[in-house]
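Asker: Sharing a structure, written as structure tokens. Questions coming.
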Amino acid sequence: MRNIPLKEQSIVLIGFMGVGKTTIGQTVARKIYRDFIDIDEEIERRFQMTPKEIFAKHGEATFRQYEKDIISELCHKRLKVISLGGGAFLQKEVQDVCFATSTVLFLDLSWENWKERISLLIDSRPVLQGKNMEEIRKLFDDRQPIYERHHSRVITDNQDIEEVADYIVDSLKLAWELYSY
Ligand code: S3P
């Protein structure tokens with residue numbers, strides 16, 4: 001696989017569903033003049049079905065296959081900001097291809113703050129459906145170790161979108177300055 005220079009690598013945002021990967025990704029992309037790609041929206045555009053509909057009609061395994069194929073294709077592109085669905089990093093192949101091609105940022109949000117957002121997410125997120133609070137907490141906790149594979153962690157608690165995006169942009173600029181040769 002070709003080595004993509006750090007400054008040209010796509011920025012991949014990972015983290016649990018509803019932490020703000022899409023809105024933060026759009027804001028970062030705007031600030032650094034890059035195109036933004038949301039993998040769930042890309043799946044929806046290509047298959048003309050929402051993730052929820054794909055889960056219901058074809059099952060989770062099919063959704064994960066689409067997700068893996070599209071991420072593997074798109075993260076080879078340079079100079080993008082890409083937000084992944086919260087379950088995408090469960091797949092080792094997805095982790096590996098993102099690490100080989102891109103700069104991976106983990107958007108970290110505590111359970112205490114995340115649980116305040118549940119009502120906004122429950123209808124559209126198939127993996128939350130039919131689960132009680134205890135089961136959702138378990139899913140949240142079980143997922144955290146997969147996000148530990150990242151290049152940089154971004155704490156999002158008590159920060160608004162602009163603050164998080166500015167922090168990301170400043171960190172990227174510093175890394176590009178320090179490590180470009
Ligand atoms: C999922 C998260 C969703 C979407 C799908 C499955 C998950 O994306 O990909 O519903 O397994 O965590 P968001 O993280 O954007 O909510």
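Just so we're on the same page: first chain in the structure tokens is A, next is B, and so on; residues restart at 1 for each chain, and ligands are numbered from 1 in the order they show up.
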Counting only C-alpha atoms and all ligand atoms, which residues of chain A fall within 7 Å of ligand 1, and what is the closest atom pair for each with its distance in Å at one decimal, ordered by chain and rising number, as a tab-separated table?
Answerer:
residue	atom	partner	partner_atom_place_in_ligand_line	distance
A:Gly15	CA	ligand 1	14 (O)	6.9
A:Phe16	CA	ligand 1	14 (O)	5.5
A:Met17	CA	ligand 1	14 (O)	3.1
A:Gly18	CA	ligand 1	16 (O)	5.1
A:Lys21	CA	ligand 1	15 (O)	6.7
A:Thr22	CA	ligand 1	15 (O)	6.9
A:Asp40	CA	ligand 1	9 (O)	5.5
A:Pro51	CA	ligand 1	10 (O)	5.5
A:Lys52	CA	ligand 1	10 (O)	6.2
A:Leu84	CA	ligand 1	15 (O)	6.6
A:Gly85	CA	ligand 1	8 (O)	3.5
A:Gly86	CA	ligand 1	14 (O)	3.4
A:Gly87	CA	ligand 1	11 (O)	3.5
A:Ala88	CA	ligand 1	11 (O)	6.8
A:Arg125	CA	ligand 1	10 (O)	4.4
A:Pro126	CA	ligand 1	10 (O)	5.3
A:Val127	CA	ligand 1	11 (O)	5.7
Asker: Lys68 in chain A: which residues within 9 Å, counting only C-alpha atoms, same-chain residues fewer than 4 positions away excluded, as a PyMOL selection string?
Answerer: chain A and resi 63-64+72-73+88+91+93-94
Asker: Using DSSP on the backbone coordinates, identify all residues within range 16-161 of chain A classified as helix (DSSP H, G or I); present the result as a CSV table (one decimal) with C-alpha atoms, in the first residue's frame.
Answerer:
chain,number,residue,atom,x,y,z
A,21,LYS,CA,-19.0,12.6,14.4
A,22,THR,CA,-21.1,14.0,11.5
A,23,THR,CA,-21.5,17.6,12.7
A,24,ILE,CA,-18.0,17.8,14.0
A,25,GLY,CA,-16.7,16.2,10.8
A,26,GLN,CA,-18.6,18.7,8.6
A,27,THR,CA,-17.3,21.6,10.7
A,28,VAL,CA,-13.7,20.4,10.6
A,29,ALA,CA,-13.9,19.8,6.8
A,30,ARG,CA,-15.2,23.3,6.3
A,31,LYS,CA,-12.4,24.8,8.4
A,39,ILE,CA,-20.3,6.7,5.6
A,40,ASP,CA,-23.9,6.1,6.7
A,41,GLU,CA,-25.1,8.8,4.2
A,42,GLU,CA,-22.9,7.2,1.5
A,43,ILE,CA,-24.4,3.8,2.2
A,44,GLU,CA,-27.9,5.4,2.1
A,45,ARG,CA,-27.1,7.2,-1.2
A,46,ARG,CA,-25.7,4.1,-2.9
A,47,PHE,CA,-28.3,1.6,-1.7
A,51,PRO,CA,-29.1,2.0,7.8
A,52,LYS,CA,-32.2,1.2,9.8
A,53,GLU,CA,-34.0,-0.1,6.7
A,54,ILE,CA,-30.9,-2.2,5.7
A,55,PHE,CA,-30.8,-3.7,9.2
A,56,ALA,CA,-34.5,-4.5,9.0
A,57,LYS,CA,-34.6,-5.9,5.5
A,58,HIS,CA,-31.2,-7.6,5.1
A,60,GLU,CA,-26.8,-6.4,10.4
A,61,ALA,CA,-24.2,-8.6,8.6
A,62,THR,CA,-25.2,-7.1,5.3
A,63,PHE,CA,-25.0,-3.6,6.6
A,64,ARG,CA,-21.5,-4.4,8.0
A,65,GLN,CA,-20.4,-5.7,4.7
A,66,TYR,CA,-21.5,-2.6,2.8
A,67,GLU,CA,-19.9,-0.5,5.5
A,68,LYS,CA,-16.6,-2.3,5.2
A,69,ASP,CA,-16.5,-2.2,1.4
A,70,ILE,CA,-17.3,1.5,1.2
A,71,ILE,CA,-14.9,2.5,4.0
A,72,SER,CA,-12.1,0.4,2.3
A,73,GLU,CA,-12.8,2.2,-1.0
A,74,LEU,CA,-13.1,5.8,0.4
A,88,ALA,CA,-17.7,0.2,11.9
A,89,PHE,CA,-14.6,-0.1,14.0
A,90,LEU,CA,-15.8,-3.5,15.3
A,92,LYS,CA,-10.7,-5.5,12.2
A,93,GLU,CA,-10.4,-5.0,8.4
A,94,VAL,CA,-11.9,-1.5,8.8
A,95,GLN,CA,-9.5,-0.6,11.6
A,96,ASP,CA,-6.5,-1.8,9.6
A,97,VAL,CA,-7.4,0.0,6.4
A,98,CYS,CA,-8.1,3.2,8.3
A,99,PHE,CA,-4.8,3.0,10.1
A,100,ALA,CA,-2.9,2.3,6.9
A,101,THR,CA,-4.3,5.2,5.0
A,111,TRP,CA,-21.6,8.0,29.5
A,112,GLU,CA,-23.0,10.7,31.8
A,113,ASN,CA,-23.2,13.1,29.0
A,114,TRP,CA,-24.0,10.6,26.3
A,115,LYS,CA,-27.1,9.3,28.1
A,116,GLU,CA,-28.7,12.7,27.9
A,117,ARG,CA,-28.9,12.3,24.1
A,118,ILE,CA,-30.6,8.9,24.0
A,119,SER,CA,-34.1,10.3,23.2
A,120,LEU,CA,-32.6,12.0,20.1
A,121,LEU,CA,-31.0,8.7,18.9
A,126,PRO,CA,-31.3,0.1,15.0
A,127,VAL,CA,-28.7,-1.2,17.5
A,128,LEU,CA,-30.4,0.7,20.4
A,133,MET,CA,-30.9,1.4,29.8
A,134,GLU,CA,-28.7,-1.3,31.4
A,135,GLU,CA,-28.3,-3.0,28.0
A,136,ILE,CA,-27.5,0.2,26.3
A,137,ARG,CA,-24.9,1.0,29.0
A,138,LYS,CA,-23.3,-2.4,28.4
A,139,LEU,CA,-23.2,-1.7,24.7
A,140,PHE,CA,-21.5,1.6,25.4
A,141,ASP,CA,-19.0,0.1,27.7
A,142,ASP,CA,-18.3,-2.9,25.4
A,143,ARG,CA,-17.6,-0.6,22.5
A,144,GLN,CA,-15.1,1.6,24.3
A,145,PRO,CA,-12.1,-0.7,23.9
A,146,ILE,CA,-12.5,-0.8,20.1
A,147,TYR,CA,-12.1,3.0,19.9
A,161,ILE,CA,-19.2,21.8,18.1
Asker: Within range 67-180 of chain A, find each residue whose DSSP state, derived from the backbone, is strand (DSSP E), and express the selection as a list in words.
Answerer: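 Everything in range 67-180 of chain A that counts as strand (DSSP E) is Lys80, Val81, Ile82, Ser83, Thr103, Val104, Leu105, Phe106, Leu107, Asp108, Ser152, Arg153, Val154 and Ile155 of chain A.
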Asker: A:Ser10, A:Ser152, A:Ser180, A:Ser124: which is nearest Tyr167 in chain A, counting only C-alpha atoms?
Answerer: A:Ser152
Asker: Could you state the separation of CA of Phe36 in chain A and CA of Gln9 in chain A in Å, given to one decimal place?
Answerer: 13.2 Å
Asker: Just want the 8 Å neighbourhood of Leu79 in chain A, counted on only C-alpha atoms, with same-chain residues fewer than 6 positions away dropped. Output as a ChimeraX atom specification.
Answerer: /A:7-11,34-35
Asker: Emit the selected residues as a short mmCIF file (atom, residue, chain, number, x, y, z; two decimals), in the first residue's frame, including C-alpha atoms.
Answerer:
data_model
loop_
_atom_site.label_atom_id
_atom_site.label_comp_id
_atom_site.auth_asym_id
_atom_site.auth_seq_id
_atom_site.Cartn_x
_atom_site.Cartn_y
_atom_site.Cartn_z
CA LYS A 7 -0.80 16.25 5.52
CA GLU A 8 -2.70 14.58 2.71
CA GLN A 9 -4.15 11.69 4.68
CA SER A 10 -7.88 11.71 5.18
CA ILE A 11 -9.09 12.39 8.72
CA ARG A 34 -11.77 19.52 2.58
CA ASP A 35 -14.70 17.46 1.35
#
Asker: Using only C-alpha atoms for the distances, tell me which of A:Val12, A:Pro5, A:Tyr33, A:Met49 is nearest to Ser102 in chain A.
Answerer: A:Val12
Asker: May I ask which of the residues A:Ile168, A:Thr50, A:Cys75, A:Gly59 is the closest one to Ile4 in chain A, counting only C-alpha atoms?
Answerer: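 The closest residue to Ile4 in chain A is A:Cys75.
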Asker: For range 104-108 of chain A, please output as a short mmCIF file (atom, residue, chain, number, x, y, z; two decimals) with all heavy atoms, in the first residue's frame all residues within 6 Å (counting only C-alpha atoms; exclusion window: fewer than 3 positions along the same chain).
Answerer:
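For reference, part-v3.cif as written:
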data_model
loop_
_atom_site.label_atom_id
_atom_site.label_comp_id
_atom_site.auth_asym_id
_atom_site.auth_seq_id
_atom_site.Cartn_x
_atom_site.Cartn_y
_atom_site.Cartn_z
N VAL A 12 -10.17 10.46 9.71
CA VAL A 12 -11.30 9.56 9.98
C VAL A 12 -11.76 9.75 11.42
O VAL A 12 -10.95 9.68 12.35
CB VAL A 12 -10.89 8.08 9.73
CG1 VAL A 12 -11.92 7.13 10.30
CG2 VAL A 12 -10.72 7.82 8.23
N LEU A 13 -13.05 10.03 11.60
CA LEU A 13 -13.60 10.22 12.95
C LEU A 13 -14.32 8.96 13.39
O LEU A 13 -15.20 8.44 12.68
CB LEU A 13 -14.58 11.40 12.97
CG LEU A 13 -14.01 12.75 12.56
CD1 LEU A 13 -15.07 13.83 12.66
CD2 LEU A 13 -12.79 13.13 13.40
N ILE A 14 -13.93 8.46 14.57
CA ILE A 14 -14.59 7.28 15.13
C ILE A 14 -15.15 7.64 16.51
O ILE A 14 -14.78 8.66 17.09
CB ILE A 14 -13.62 6.06 15.25
CG1 ILE A 14 -12.47 6.36 16.23
CG2 ILE A 14 -13.09 5.67 13.88
CD1 ILE A 14 -11.68 5.11 16.64
N GLY A 15 -16.02 6.76 17.02
CA GLY A 15 -16.61 6.98 18.34
C GLY A 15 -18.02 6.43 18.36
O GLY A 15 -18.58 6.09 17.32
N HIS A 150 -6.58 4.32 18.07
CA HIS A 150 -6.74 5.60 17.37
C HIS A 150 -5.38 6.29 17.34
O HIS A 150 -4.45 5.88 18.03
CB HIS A 150 -7.76 6.48 18.11
CG HIS A 150 -7.42 6.71 19.55
ND1 HIS A 150 -8.12 6.12 20.59
CD2 HIS A 150 -6.44 7.42 20.13
CE1 HIS A 150 -7.57 6.49 21.74
NE2 HIS A 150 -6.55 7.28 21.49
N HIS A 151 -5.27 7.34 16.54
CA HIS A 151 -4.05 8.14 16.57
C HIS A 151 -4.15 9.23 17.61
O HIS A 151 -3.16 9.62 18.21
CB HIS A 151 -3.76 8.77 15.19
CG HIS A 151 -3.37 7.75 14.16
ND1 HIS A 151 -4.15 7.45 13.06
CD2 HIS A 151 -2.28 6.97 14.06
CE1 HIS A 151 -3.55 6.52 12.33
NE2 HIS A 151 -2.42 6.20 12.92
N SER A 152 -5.35 9.74 17.83
CA SER A 152 -5.50 10.81 18.80
C SER A 152 -6.91 10.81 19.38
O SER A 152 -7.88 10.55 18.66
CB SER A 152 -5.21 12.15 18.10
OG SER A 152 -5.23 13.18 19.02
N ARG A 153 -6.99 11.09 20.71
CA ARG A 153 -8.29 11.13 21.39
C ARG A 153 -8.73 12.58 21.53
O ARG A 153 -7.92 13.45 21.87
CB ARG A 153 -8.13 10.53 22.79
CG ARG A 153 -9.37 10.61 23.67
CD ARG A 153 -9.03 10.30 25.11
NE ARG A 153 -8.35 9.03 25.25
CZ ARG A 153 -8.96 7.84 25.43
NH1 ARG A 153 -10.26 7.80 25.56
NH2 ARG A 153 -8.26 6.73 25.52
N VAL A 154 -10.00 12.81 21.26
CA VAL A 154 -10.54 14.17 21.39
C VAL A 154 -11.66 14.11 22.42
O VAL A 154 -12.69 13.48 22.19
CB VAL A 154 -11.08 14.67 20.03
CG1 VAL A 154 -11.67 16.07 20.17
CG2 VAL A 154 -10.00 14.62 18.96
N ILE A 155 -11.46 14.76 23.55
CA ILE A 155 -12.50 14.77 24.60
C ILE A 155 -13.57 15.78 24.20
O ILE A 155 -13.25 16.95 23.92
CB ILE A 155 -11.90 15.18 25.97
CG1 ILE A 155 -10.70 14.30 26.34
CG2 ILE A 155 -12.97 15.22 27.05
CD1 ILE A 155 -11.02 12.97 26.94
N THR A 156 -14.82 15.33 24.16
CA THR A 156 -15.88 16.24 23.68
C THR A 156 -16.82 16.68 24.80
O THR A 156 -17.72 17.49 24.56
CB THR A 156 -16.70 15.57 22.55
OG1 THR A 156 -17.36 14.43 23.10
CG2 THR A 156 -15.83 15.15 21.39
#
Asker: Closest to Gln159 in chain A among A:Leu109, A:Val81, A:Ile32, A:Leu6, using only C-alpha atoms?
Answerer: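 Checking each candidate against Gln159 in chain A, we get A:Leu109 as the closest.
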Asker: Using only C-alpha atoms, find the one residue out of A:Ile37, A:Arg149, A:Ser83, A:His76 that sits nearest to Asn3 in chain A.
Answerer: A:His76
Asker: For the atom pair CA of Ile122 in chain A and CA of Val164 in chain A, what is the interatomic distance in Å to one decimal place?
Answerer: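 Between these atoms lies a distance of 24.2 Å.
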